[in-house]
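Notes to accompany the following structure.
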Amino acid sequence: MRTQLPARLVAAAVISGVLLTGCGSDFRLALPRVIVEVDSEGYPSVIGISGRAFGVQALDPATVQQLVNSNLQHVELSWRQEGVAVWVNAKPITALELGPERFKRVVNLVKKFGFPDPAQDPLAGLAVEIARVLQLNLVLKFPPAAGQTEVPLRPEGAAFPDGASQAQPAALAGVRLTFDQDGVPSISGVSFREFSSLLGADLSATYLPRELVQQLVAAEIQHITLKTTPEGIKLWVNAEEITTLRWNRDTLNNAAETVGSLQLLDPAVGAAVKQFLPLVEQLEARVVLRFPTTATPIPEPN
């Protein structure tokens, strides 16, 4: 009986997923929050069941202490029909737009990198259907620092963060990097190896791992494009729009304050993030990363 029950549950769940999500169904099921509490030594617990009993440690104690000192009390990831939103200490940080069509594109992209095909792997297919159907809310809670008031979780009915910047672009920027088979970038036909020689500087940090470039080529990815818009940063892979990282003035300020205050970062980096991240909404930028190909060229998105 023990060996048959899980198989029956999986089969039932798969059938349920097909019934709920197939045939163009718009069914959604909003589950209660799943709250994972991480203690000072990095052990997680859910509904009072601690990972200590299973030897599961999510973070090392030093990292937890740095998060506590940064007054990062909780991070929430909330899956909605529009995508995935992120809150830190109940403040909206950003949201990734992943509607049904974009989600399918992400699944197809993942399959190209060698992950299981949901159509052929029942467990992978089940995971995809669960992600599509269930509006999951996952909260990671950390101990509050001594003397800090505990920050309550956001109201569960809080609106999905929107993208509505009204700032007028004050700066224009654009760059197109073309990577060779070894992961070395070039601009306008001039390799960064040549720039290194001319400038007497080591630019190897800009190189991509050769293995990554080979994976991108095998996945038939010719170019990746990022473009700032009033709604946020749009991402394309080849000519397909994958997602938009939403922003507005409040979420940019919240992100700058949160990231800039993390003790995990060098203080100089944190100060730079606090100062410059809110200015991103005034930047009109376009970045294109191109990779080797022998196939018919795919036009870049506008």
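Chains: A, B, ... in order of the structure tokens. Residues: from 1 per chain. Ligands: from 1, in order shown.
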Contacts of Gln81 in chain A at 8 Å or less, counting only C-alpha atoms, minus same-chain residues fewer than 5 places along, as a PDB file with N, CA and C atoms, in the first residue's frame?
```
ATOM      1  N   ARG A  28      -8.272  29.424 -11.123  1.00  0.00           N
ATOM      2  CA  ARG A  28      -7.186  29.787 -10.210  1.00  0.00           C
ATOM      3  C   ARG A  28      -7.587  29.402  -8.798  1.00  0.00           C
ATOM      4  N   LEU A  98       4.277  37.498 -15.867  1.00  0.00           N
ATOM      5  CA  LEU A  98       4.350  36.150 -16.440  1.00  0.00           C
ATOM      6  C   LEU A  98       2.933  35.630 -16.640  1.00  0.00           C
ATOM      7  N   GLY A  99       2.226  36.242 -17.576  1.00  0.00           N
ATOM      8  CA  GLY A  99       0.903  35.749 -17.915  1.00  0.00           C
ATOM      9  C   GLY A  99       1.002  34.402 -18.608  1.00  0.00           C
ATOM     10  N   PRO A 100      -0.137  33.771 -18.948  1.00  0.00           N
ATOM     11  CA  PRO A 100      -0.118  32.430 -19.537  1.00  0.00           C
ATOM     12  C   PRO A 100       0.775  32.291 -20.767  1.00  0.00           C
ATOM     13  N   GLN A 135      -2.133  30.064  -6.890  1.00  0.00           N
ATOM     14  CA  GLN A 135      -1.591  31.383  -6.559  1.00  0.00           C
ATOM     15  C   GLN A 135      -0.827  31.253  -5.244  1.00  0.00           C
TER      16      GLN A 135
END
```
*Compile the contact shell of range 65-76 of chain A as a ChimeraX atom specification: residues with an atom at most 7 Å away, counting only C-alpha atoms, same-chain residues fewer than 3 positions apart removed.*
/A:40,61-62,86-89,137-145,261-264
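Counting only C-alpha atoms and comparing A:Val46, A:Leu245, A:Leu31, A:Ala58, the residue that lies closest to Asp162 in chain A is A:Leu245.
Checking A:Gly174, A:Pro299, A:Pro92, A:Gly83 one by one against Ala255 in chain A, counting only C-alpha atoms, you find the shortest gap at A:Pro92.
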*Check the DSSP output for the backbone and give back, as a ChimeraX atom specification, the residues of range 120-296 of chain A in alpha helix (DSSP H).*
/A:122-133,192-199,210-218,249-260,267-276
*asked:* Would you pick out the contacts of Asp202 in chain A at 10 Å or less, using only C-alpha atoms, so that residues sharing its chain but fewer than 4 positions from it are not included, and give the list as a list in words?
replied: Phe192, Arg193, Phe195, Ser196, Ser197 and Thr206 of chain A
